[in-house]
file upload_19.pdb (PDB, C-alpha atoms)
ATOM      1  CA  MET Z 641      69.764 142.472  76.420  1.00  0.00           C
ATOM      2  CA  ASN Z 642      73.243 141.360  75.331  1.00  0.00           C
ATOM      3  CA  LEU Z 643      73.297 141.298  71.537  1.00  0.00           C
ATOM      4  CA  THR Z 644      77.015 140.663  70.998  1.00  0.00           C
ATOM      5  CA  LEU Z 645      76.375 136.963  70.381  1.00  0.00           C
ATOM      6  CA  VAL Z 646      74.540 137.899  67.210  1.00  0.00           C
ATOM      7  CA  PHE Z 647      77.929 138.221  65.482  1.00  0.00           C
ATOM      8  CA  PRO Z 648      79.198 134.664  66.087  1.00  0.00           C
ATOM      9  CA  MET Z 649      75.711 133.385  65.264  1.00  0.00           C
ATOM     10  CA  ALA Z 650      75.763 135.360  61.998  1.00  0.00           C
ATOM     11  CA  ALA Z 651      79.188 133.897  61.236  1.00  0.00           C
ATOM     12  CA  MET Z 652      77.729 130.393  61.616  1.00  0.00           C
ATOM     13  CA  VAL Z 653      74.811 131.311  59.336  1.00  0.00           C
ATOM     14  CA  LEU Z 654      77.321 132.579  56.776  1.00  0.00           C
ATOM     15  CA  LEU Z 655      79.333 129.351  57.058  1.00  0.00           C
ATOM     16  CA  THR Z 656      76.148 127.327  56.520  1.00  0.00           C
ATOM     17  CA  PHE Z 657      75.300 129.428  53.453  1.00  0.00           C
ATOM     18  CA  VAL Z 658      78.800 128.975  51.994  1.00  0.00           C
ATOM     19  CA  VAL Z 659      78.623 125.206  52.537  1.00  0.00           C
ATOM     20  CA  ALA Z 660      75.165 125.160  50.897  1.00  0.00           C
ATOM     21  CA  LEU Z 661      76.616 126.887  47.836  1.00  0.00           C
ATOM     22  CA  TRP Z 662      79.513 124.410  47.784  1.00  0.00           C
ATOM     23  CA  MET Z 663      77.046 121.521  48.041  1.00  0.00           C
ATOM     24  CA  LEU Z 664      75.029 122.939  45.128  1.00  0.00           C
ATOM     25  CA  HIS Z 665      78.235 123.307  43.102  1.00  0.00           C
ATOM     26  CA  GLN Z 666      79.239 119.706  43.819  1.00  0.00           C
ATOM     27  CA  ARG Z 667      75.774 118.438  42.885  1.00  0.00           C
ATOM     28  CA  LEU Z 668      75.779 120.350  39.607  1.00  0.00           C
ATOM     29  CA  GLN Z 669      79.272 119.041  38.812  1.00  0.00           C
ATOM     30  CA  ALA Z 670      78.111 115.483  39.464  1.00  0.00           C
ATOM     31  CA  VAL Z 671      75.109 115.862  37.132  1.00  0.00           C
ATOM     32  CA  ARG Z 672      77.040 117.693  34.418  1.00  0.00           C
ATOM     33  CA  GLY Z 673      79.860 115.172  34.637  1.00  0.00           C
ATOM     34  CA  GLY Z 674      77.393 112.341  34.079  1.00  0.00           C
ATOM     35  CA  HIS Z 675      78.160 110.737  37.460  1.00  0.00           C
ATOM     36  CA  ILE Z 676      74.528 110.851  38.549  1.00  0.00           C
ATOM     37  CA  LYS Z 677      71.168 111.681  36.994  1.00  0.00           C
ATOM     38  CA  MET Z 678      68.856 114.431  38.237  1.00  0.00           C
ATOM     39  CA  ASP Z 679      66.451 111.680  39.359  1.00  0.00           C
ATOM     40  CA  TYR Z 680      68.982 110.854  42.071  1.00  0.00           C
ATOM     41  CA  PHE Z 681      67.706 113.838  44.089  1.00  0.00           C
ATOM     42  CA  LYS Z 682      64.089 112.639  44.174  1.00  0.00           C
ATOM     43  CA  LEU Z 683      64.897 110.033  46.834  1.00  0.00           C
ATOM     44  CA  VAL Z 684      68.668 110.584  47.181  1.00  0.00           C
ATOM     45  CA  ARG Z 685      69.190 107.202  45.535  1.00  0.00           C
ATOM     46  CA  GLY Z 686      70.335 106.103  42.171  1.00  0.00           C
ATOM     47  CA  GLU Z 687      71.910 103.329  40.170  1.00  0.00           C
ATOM     48  CA  ASP Z 688      75.390 104.805  40.340  1.00  0.00           C
ATOM     49  CA  PRO Z 689      76.954 106.047  43.561  1.00  0.00           C
ATOM     50  CA  PRO Z 690      77.489 109.806  43.637  1.00  0.00           C
ATOM     51  CA  PRO Z 691      81.015 111.236  43.621  1.00  0.00           C
ATOM     52  CA  ARG Z 692      82.803 111.411  46.951  1.00  0.00           C
ATOM     53  CA  SER Z 693      83.096 115.216  46.816  1.00  0.00           C
ATOM     54  CA  MET Z 694      79.327 115.542  46.490  1.00  0.00           C
ATOM     55  CA  LEU Z 695      78.700 113.178  49.398  1.00  0.00           C
ATOM     56  CA  GLN Z 696      81.199 115.097  51.546  1.00  0.00           C
ATOM     57  CA  ALA Z 697      79.418 118.377  50.821  1.00  0.00           C
ATOM     58  CA  ASP Z 698      75.980 116.847  51.491  1.00  0.00           C
ATOM     59  CA  ASN Z 699      77.161 115.267  54.738  1.00  0.00           C
ATOM     60  CA  HIS Z 700      78.799 118.449  55.931  1.00  0.00           C
ATOM     61  CA  PHE Z 701      75.724 120.536  55.185  1.00  0.00           C
ATOM     62  CA  ARG Z 702      73.589 118.142  57.247  1.00  0.00           C
ATOM     63  CA  ASN Z 703      76.218 118.256  59.996  1.00  0.00           C
ATOM     64  CA  LEU Z 704      75.721 122.025  60.282  1.00  0.00           C
ATOM     65  CA  PHE Z 705      72.213 121.309  61.613  1.00  0.00           C
ATOM     66  CA  GLU Z 706      73.374 119.027  64.414  1.00  0.00           C
ATOM     67  CA  VAL Z 707      75.805 120.425  67.022  1.00  0.00           C
ATOM     68  CA  PRO Z 708      75.393 124.048  65.841  1.00  0.00           C
ATOM     69  CA  VAL Z 709      71.745 123.889  66.931  1.00  0.00           C
ATOM     70  CA  LEU Z 710      73.017 123.626  70.520  1.00  0.00           C
ATOM     71  CA  PHE Z 711      75.243 126.645  69.860  1.00  0.00           C
ATOM     72  CA  TYR Z 712      72.369 128.752  68.510  1.00  0.00           C
ATOM     73  CA  ALA Z 713      70.124 127.756  71.420  1.00  0.00           C
ATOM     74  CA  GLY Z 714      72.860 128.574  73.928  1.00  0.00           C
ATOM     75  CA  CYS Z 715      73.490 131.969  72.365  1.00  0.00           C
ATOM     76  CA  LEU Z 716      69.794 132.816  72.478  1.00  0.00           C
ATOM     77  CA  VAL Z 717      69.506 131.748  76.123  1.00  0.00           C
ATOM     78  CA  ALA Z 718      72.648 133.722  77.029  1.00  0.00           C
ATOM     79  CA  MET Z 719      71.206 136.826  75.373  1.00  0.00           C
ATOM     80  CA  MET Z 720      67.888 136.431  77.192  1.00  0.00           C
ATOM     81  CA  ILE Z 721      69.117 135.929  80.764  1.00  0.00           C
ATOM     82  CA  PRO Z 722      71.387 138.193  80.050  1.00  0.00           C
ATOM     83  CA  LEU Z 723      74.852 136.714  80.262  1.00  0.00           C
ATOM     84  CA  LEU Z 724      77.815 138.954  79.493  1.00  0.00           C
ATOM     85  CA  GLY Z 725      81.568 138.641  79.571  1.00  0.00           C
ATOM     86  CA  THR Z 726      84.744 137.959  77.732  1.00  0.00           C
ATOM     87  CA  LEU Z 727      84.705 134.233  78.504  1.00  0.00           C
ATOM     88  CA  LEU Z 728      81.295 133.921  76.858  1.00  0.00           C
ATOM     89  CA  GLN Z 729      82.637 135.623  73.735  1.00  0.00           C
ATOM     90  CA  ILE Z 730      85.698 133.370  73.747  1.00  0.00           C
ATOM     91  CA  TRP Z 731      83.560 130.213  73.879  1.00  0.00           C
ATOM     92  CA  ALA Z 732      81.278 131.494  71.110  1.00  0.00           C
ATOM     93  CA  TRP Z 733      84.076 132.513  68.748  1.00  0.00           C
ATOM     94  CA  LEU Z 734      86.057 129.361  69.543  1.00  0.00           C
ATOM     95  CA  PHE Z 735      83.025 127.354  68.454  1.00  0.00           C
ATOM     96  CA  VAL Z 736      82.802 129.305  65.191  1.00  0.00           C
ATOM     97  CA  ALA Z 737      86.536 128.946  64.525  1.00  0.00           C
ATOM     98  CA  ALA Z 738      86.420 125.201  65.217  1.00  0.00           C
ATOM     99  CA  ARG Z 739      83.452 124.784  62.868  1.00  0.00           C
ATOM    100  CA  VAL Z 740      85.200 126.738  60.102  1.00  0.00           C
ATOM    101  CA  LEU Z 741      88.280 124.533  60.525  1.00  0.00           C
ATOM    102  CA  HIS Z 742      86.066 121.452  60.542  1.00  0.00           C
ATOM    103  CA  ALA Z 743      84.384 122.577  57.311  1.00  0.00           C
ATOM    104  CA  LEU Z 744      87.691 123.284  55.576  1.00  0.00           C
ATOM    105  CA  MET Z 745      89.032 119.884  56.589  1.00  0.00           C
ATOM    106  CA  HIS Z 746      85.850 117.962  55.824  1.00  0.00           C
ATOM    107  CA  LEU Z 747      85.386 119.556  52.416  1.00  0.00           C
ATOM    108  CA  GLY Z 748      89.102 119.479  51.641  1.00  0.00           C
ATOM    109  CA  SER Z 749      91.556 116.710  52.408  1.00  0.00           C
ATOM    110  CA  ASN Z 750      89.090 115.067  54.835  1.00  0.00           C
ATOM    111  CA  ARG Z 751      91.831 113.699  57.060  1.00  0.00           C
ATOM    112  CA  ILE Z 752      89.739 112.232  59.854  1.00  0.00           C
ATOM    113  CA  LEU Z 753      92.311 112.621  62.637  1.00  0.00           C
ATOM    114  CA  TYR Z 754      92.562 116.389  62.118  1.00  0.00           C
ATOM    115  CA  ARG Z 755      88.898 116.833  61.296  1.00  0.00           C
ATOM    116  CA  SER Z 756      87.853 115.025  64.477  1.00  0.00           C
ATOM    117  CA  ARG Z 757      90.040 117.347  66.560  1.00  0.00           C
ATOM    118  CA  ALA Z 758      88.243 120.385  65.160  1.00  0.00           C
ATOM    119  CA  TYR Z 759      84.907 118.643  65.671  1.00  0.00           C
ATOM    120  CA  PHE Z 760      85.614 117.855  69.325  1.00  0.00           C
ATOM    121  CA  LEU Z 761      86.997 121.353  69.905  1.00  0.00           C
ATOM    122  CA  SER Z 762      83.618 122.683  68.767  1.00  0.00           C
ATOM    123  CA  TRP Z 763      81.906 120.339  71.252  1.00  0.00           C
ATOM    124  CA  PHE Z 764      84.225 121.580  73.996  1.00  0.00           C
ATOM    125  CA  ALA Z 765      83.346 125.185  73.125  1.00  0.00           C
ATOM    126  CA  VAL Z 766      79.600 124.597  73.091  1.00  0.00           C
ATOM    127  CA  LEU Z 767      79.848 122.783  76.437  1.00  0.00           C
ATOM    128  CA  GLY Z 768      81.834 125.723  77.824  1.00  0.00           C
ATOM    129  CA  LEU Z 769      79.148 128.114  76.605  1.00  0.00           C
ATOM    130  CA  TRP Z 770      76.408 126.038  78.200  1.00  0.00           C
ATOM    131  CA  GLY Z 771      78.464 125.681  81.389  1.00  0.00           C
ATOM    132  CA  LEU Z 772      78.504 129.473  81.761  1.00  0.00           C
ATOM    133  CA  ILE Z 773      74.758 129.564  81.188  1.00  0.00           C
ATOM    134  CA  VAL Z 774      74.064 126.919  83.828  1.00  0.00           C
ATOM    135  CA  ILE Z 775      76.323 128.666  86.356  1.00  0.00           C
ATOM    136  CA  ARG Z 776      74.588 132.007  85.705  1.00  0.00           C
ATOM    137  CA  VAL Z 777      71.094 130.545  85.966  1.00  0.00           C
ATOM    138  CA  ALA Z 778      71.987 128.650  89.138  1.00  0.00           C
ATOM    139  CA  GLY Z 779      73.362 131.879  90.620  1.00  0.00           C
ATOM    140  CA  MET Z 780      70.189 133.729  89.691  1.00  0.00           C
ATOM    141  CA  MET Z 781      68.052 131.024  91.301  1.00  0.00           C
ATOM    142  CA  LEU Z 782      70.111 131.008  94.500  1.00  0.00           C
ATOM    143  CA  SER Z 783      70.020 134.786  94.850  1.00  0.00           C
ATOM    144  CA  THR Z 784      66.244 135.005  94.392  1.00  0.00           C
ATOM    145  CA  PRO Z 785      64.385 134.889  97.734  1.00  0.00           C
TER     146      PRO Z 785
END
call {"tool": "encode", "arguments": {"input": "upload_19.pdb", "output": "structure tokens"}}
result
Amino acid sequence: MNLTLVFPMAAMVLLTFVVALWMLHQRLQAVRGGHIKMDYFKLVRGEDPPPRSMLQADNHFRNLFEVPVLFYAGCLVAMMIPLLGTLLQIWAWLFVAARVLHALMHLGSNRILYRSRAYFLSWFAVLGLWGLIVIRVAGMMLSTP
């Protein structure tokens, strides 16, 4: 079994953990600063709108459970079939790099033009990863009598 994809997957888990800590920090800042009350988190609603920085962190954390799910699934499938090769590693690490850039942009200046480029680069990488998987599986099916 090819286990090398564990490393880019672990990098994504680490990114998700770091964003979760940032989200917690932003939430605590919002409560301590008097921008929202703790009751806000019961239904994620309140009288006053939460600060933009808190919403950005919340949105980005949720975003890490959207497209990255396809990445994790692809990595697991690639490890099971097994799929090896430099191109596979390039797609996986390109995805991670694009998601790190996306996080830095989303949680920082949030310039949509640049952020969207990183976002679509991550889509391109995950599609490349899945393309390799489909080609490998199709080859396996064609070679089986």
call {"tool": "residues_around", "arguments": {"input": "upload_19.pdb", "residues": "Val709 in chain Z", "least_positions_apart": "3", "cutoff": "12 Å", "atoms": "all atoms listed in the file", "output": "PyMOL selection string"}}
result
chain Z and resi 649+652-653+656+702-706+712-716+735+763+766
call {"tool": "closest_residue", "arguments": {"input": "upload_19.pdb", "among": "Z:Leu723, Z:Leu668, Z:Met641, Z:Ile752", "to": "Ile773 in chain Z", "atoms": "only C-alpha atoms"}}
result
Z:Leu723
call {"tool": "closest_residue", "arguments": {"input": "upload_19.pdb", "among": "Z:Ala765, Z:Leu747, Z:Leu664, Z:Val659", "to": "Ser693 in chain Z", "atoms": "all atoms listed in the file"}}
result
Z:Leu747
call {"tool": "residues_around", "arguments": {"input": "upload_19.pdb", "residues": "Thr644 in chain Z", "least_positions_apart": "2", "cutoff": "10 Å", "atoms": "only C-alpha atoms", "output": "ChimeraX atom specification"}}
result
/Z:641-642,646-649,715,719,724-725,728-729
call {"tool": "residues_around", "arguments": {"input": "upload_19.pdb", "residues": "Gly674 in chain Z", "least_positions_apart": "5", "cutoff": "12 Å", "atoms": "only C-alpha atoms", "output": "ChimeraX atom specification"}}
result
/Z:667-669,680,688-691
call {"tool": "closest_residue", "arguments": {"input": "upload_19.pdb", "among": "Z:Asn750, Z:Leu761, Z:Val736, Z:Pro722", "to": "Arg776 in chain Z", "atoms": "only C-alpha atoms"}}
result
Z:Pro722
call {"tool": "atom_distance", "arguments": {"input": "upload_19.pdb", "atom1": "CA of Leu741 in chain Z", "atom2": "CA of Ile676 in chain Z"}}
result
29.3 Å
call {"tool": "atom_distance", "arguments": {"input": "upload_19.pdb", "atom1": "CA of Ala651 in chain Z", "atom2": "CA of Leu734 in chain Z"}}
result
11.7 Å
call {"tool": "closest_residue", "arguments": {"input": "upload_19.pdb", "among": "Z:Leu769, Z:Arg672, Z:Ala743, Z:Ala660", "to": "Val717 in chain Z", "atoms": "only C-alpha atoms"}}
result
Z:Leu769
call {"tool": "atom_distance", "arguments": {"input": "upload_19.pdb", "atom1": "CA of Gly748 in chain Z", "atom2": "CA of Asp698 in chain Z"}}
result
13.4 Å
call {"tool": "axis_aligned_box", "arguments": {"input": "upload_19.pdb", "around": "range 730-744 of chain Z", "padding_each_side": "5 Å", "output": "AutoDock Vina command-line options"}}
result
--center_x 84.8 --center_y 127.4 --center_z 64.7 --size_x 17.0 --size_y 21.9 --size_z 28.3
call {"tool": "closest_residue", "arguments": {"input": "upload_19.pdb", "among": "Z:Ser762, Z:Val684, Z:Met694, Z:Ala650", "to": "His665 in chain Z", "atoms": "all atoms listed in the file"}}
result
Z:Met694
call {"tool": "residues_around", "arguments": {"input": "upload_19.pdb", "residues": "Leu727 in chain Z", "least_positions_apart": "4", "cutoff": "10 Å", "atoms": "only C-alpha atoms", "output": "ChimeraX atom specification"}}
result
/Z:731-733,768-769,772
call {"tool": "resolve_selection", "arguments": {"input": "upload_19.pdb", "expression": "the PyMOL selection byres ((chain Z and resi 755) around 9)", "output": "PyMOL selection string"}}
result
chain Z and resi 741-746+750-754+756-760
call {"tool": "write_last_selection", "arguments": {"input": "upload_19.pdb", "atoms": "C-alpha atoms", "output": "tab-separated table (two decimals), keeping the file's coordinate frame"}}
result
chain	number	residue	atom	x	y	z
Z	741	LEU	CA	88.28	124.53	60.52
Z	742	HIS	CA	86.07	121.45	60.54
Z	743	ALA	CA	84.38	122.58	57.31
Z	744	LEU	CA	87.69	123.28	55.58
Z	745	MET	CA	89.03	119.88	56.59
Z	746	HIS	CA	85.85	117.96	55.82
Z	750	ASN	CA	89.09	115.07	54.84
Z	751	ARG	CA	91.83	113.70	57.06
Z	752	ILE	CA	89.74	112.23	59.85
Z	753	LEU	CA	92.31	112.62	62.64
Z	754	TYR	CA	92.56	116.39	62.12
Z	756	SER	CA	87.85	115.02	64.48
Z	757	ARG	CA	90.04	117.35	66.56
Z	758	ALA	CA	88.24	120.38	65.16
Z	759	TYR	CA	84.91	118.64	65.67
Z	760	PHE	CA	85.61	117.86	69.32
call {"tool": "closest_residue", "arguments": {"input": "upload_19.pdb", "among": "Z:Leu695, Z:Leu710, Z:Ile721, Z:Val671", "to": "Leu643 in chain Z", "atoms": "only C-alpha atoms"}}
result
Z:Ile721
call {"tool": "decode", "arguments": {"input": "upload_19.pdb", "residues": "range 685-711 of chain Z", "atoms": "N, CA and C atoms", "output": "PDB file, in the first residue's frame"}}
result
ATOM      1  N   ARG Z 685     -26.959  33.261  15.785  1.00  0.00           N
ATOM      2  CA  ARG Z 685     -27.777  34.442  15.503  1.00  0.00           C
ATOM      3  C   ARG Z 685     -27.729  35.351  16.712  1.00  0.00           C
ATOM      4  N   GLY Z 686     -27.868  36.603  16.446  1.00  0.00           N
ATOM      5  CA  GLY Z 686     -27.897  37.550  17.543  1.00  0.00           C
ATOM      6  C   GLY Z 686     -28.433  38.887  17.079  1.00  0.00           C
ATOM      7  N   GLU Z 687     -28.580  39.792  18.032  1.00  0.00           N
ATOM      8  CA  GLU Z 687     -29.093  41.117  17.716  1.00  0.00           C
ATOM      9  C   GLU Z 687     -28.090  41.909  16.882  1.00  0.00           C
ATOM     10  N   ASP Z 688     -26.834  41.832  17.267  1.00  0.00           N
ATOM     11  CA  ASP Z 688     -25.793  42.573  16.569  1.00  0.00           C
ATOM     12  C   ASP Z 688     -25.030  41.638  15.633  1.00  0.00           C
ATOM     13  N   PRO Z 689     -24.684  42.129  14.455  1.00  0.00           N
ATOM     14  CA  PRO Z 689     -23.896  41.273  13.556  1.00  0.00           C
ATOM     15  C   PRO Z 689     -22.484  41.067  14.116  1.00  0.00           C
ATOM     16  N   PRO Z 690     -21.953  39.864  13.946  1.00  0.00           N
ATOM     17  CA  PRO Z 690     -20.602  39.604  14.443  1.00  0.00           C
ATOM     18  C   PRO Z 690     -19.555  40.350  13.620  1.00  0.00           C
ATOM     19  N   PRO Z 691     -18.370  40.535  14.166  1.00  0.00           N
ATOM     20  CA  PRO Z 691     -17.308  41.211  13.421  1.00  0.00           C
ATOM     21  C   PRO Z 691     -16.928  40.434  12.158  1.00  0.00           C
ATOM     22  N   ARG Z 692     -16.489  41.158  11.174  1.00  0.00           N
ATOM     23  CA  ARG Z 692     -16.116  40.567   9.887  1.00  0.00           C
ATOM     24  C   ARG Z 692     -15.028  39.504  10.054  1.00  0.00           C
ATOM     25  N   SER Z 693     -14.037  39.775  10.893  1.00  0.00           N
ATOM     26  CA  SER Z 693     -12.932  38.823  11.070  1.00  0.00           C
ATOM     27  C   SER Z 693     -13.431  37.493  11.626  1.00  0.00           C
ATOM     28  N   MET Z 694     -14.429  37.538  12.489  1.00  0.00           N
ATOM     29  CA  MET Z 694     -14.984  36.305  13.035  1.00  0.00           C
ATOM     30  C   MET Z 694     -15.750  35.546  11.955  1.00  0.00           C
ATOM     31  N   LEU Z 695     -16.527  36.257  11.164  1.00  0.00           N
ATOM     32  CA  LEU Z 695     -17.274  35.611  10.083  1.00  0.00           C
ATOM     33  C   LEU Z 695     -16.335  34.987   9.055  1.00  0.00           C
ATOM     34  N   GLN Z 696     -15.230  35.688   8.742  1.00  0.00           N
ATOM     35  CA  GLN Z 696     -14.253  35.140   7.803  1.00  0.00           C
ATOM     36  C   GLN Z 696     -13.679  33.836   8.340  1.00  0.00           C
ATOM     37  N   ALA Z 697     -13.314  33.809   9.599  1.00  0.00           N
ATOM     38  CA  ALA Z 697     -12.748  32.597  10.196  1.00  0.00           C
ATOM     39  C   ALA Z 697     -13.778  31.473  10.212  1.00  0.00           C
ATOM     40  N   ASP Z 698     -15.011  31.770  10.584  1.00  0.00           N
ATOM     41  CA  ASP Z 698     -16.076  30.759  10.594  1.00  0.00           C
ATOM     42  C   ASP Z 698     -16.309  30.205   9.193  1.00  0.00           C
ATOM     43  N   ASN Z 699     -16.404  31.104   8.218  1.00  0.00           N
ATOM     44  CA  ASN Z 699     -16.640  30.680   6.837  1.00  0.00           C
ATOM     45  C   ASN Z 699     -15.490  29.826   6.311  1.00  0.00           C
ATOM     46  N   HIS Z 700     -14.278  30.237   6.642  1.00  0.00           N
ATOM     47  CA  HIS Z 700     -13.140  29.467   6.128  1.00  0.00           C
ATOM     48  C   HIS Z 700     -13.062  28.092   6.780  1.00  0.00           C
ATOM     49  N   PHE Z 701     -13.367  28.007   8.046  1.00  0.00           N
ATOM     50  CA  PHE Z 701     -13.370  26.702   8.710  1.00  0.00           C
ATOM     51  C   PHE Z 701     -14.379  25.769   8.042  1.00  0.00           C
ATOM     52  N   ARG Z 702     -15.585  26.274   7.793  1.00  0.00           N
ATOM     53  CA  ARG Z 702     -16.598  25.460   7.103  1.00  0.00           C
ATOM     54  C   ARG Z 702     -16.115  25.057   5.711  1.00  0.00           C
ATOM     55  N   ASN Z 703     -15.436  25.979   5.035  1.00  0.00           N
ATOM     56  CA  ASN Z 703     -14.931  25.715   3.692  1.00  0.00           C
ATOM     57  C   ASN Z 703     -13.945  24.548   3.674  1.00  0.00           C
ATOM     58  N   LEU Z 704     -13.233  24.339   4.771  1.00  0.00           N
ATOM     59  CA  LEU Z 704     -12.266  23.241   4.837  1.00  0.00           C
ATOM     60  C   LEU Z 704     -12.933  21.871   4.939  1.00  0.00           C
ATOM     61  N   PHE Z 705     -14.266  21.844   4.961  1.00  0.00           N
ATOM     62  CA  PHE Z 705     -15.002  20.579   4.955  1.00  0.00           C
ATOM     63  C   PHE Z 705     -15.835  20.438   3.682  1.00  0.00           C
ATOM     64  N   GLU Z 706     -15.450  21.175   2.669  1.00  0.00           N
ATOM     65  CA  GLU Z 706     -16.127  21.092   1.368  1.00  0.00           C
ATOM     66  C   GLU Z 706     -15.194  20.425   0.359  1.00  0.00           C
ATOM     67  N   VAL Z 707     -14.466  21.177  -0.426  1.00  0.00           N
ATOM     68  CA  VAL Z 707     -13.566  20.610  -1.438  1.00  0.00           C
ATOM     69  C   VAL Z 707     -12.519  19.663  -0.833  1.00  0.00           C
ATOM     70  N   PRO Z 708     -11.929  19.978   0.327  1.00  0.00           N
ATOM     71  CA  PRO Z 708     -10.944  19.040   0.874  1.00  0.00           C
ATOM     72  C   PRO Z 708     -11.470  17.625   1.110  1.00  0.00           C
ATOM     73  N   VAL Z 709     -12.773  17.462   1.273  1.00  0.00           N
ATOM     74  CA  VAL Z 709     -13.324  16.116   1.431  1.00  0.00           C
ATOM     75  C   VAL Z 709     -13.031  15.290   0.177  1.00  0.00           C
ATOM     76  N   LEU Z 710     -13.121  15.918  -0.997  1.00  0.00           N
ATOM     77  CA  LEU Z 710     -12.797  15.224  -2.242  1.00  0.00           C
ATOM     78  C   LEU Z 710     -11.314  14.860  -2.299  1.00  0.00           C
ATOM     79  N   PHE Z 711     -10.474  15.722  -1.742  1.00  0.00           N
ATOM     80  CA  PHE Z 711      -9.040  15.461  -1.672  1.00  0.00           C
ATOM     81  C   PHE Z 711      -8.764  14.251  -0.773  1.00  0.00           C
TER      82      PHE Z 711
END
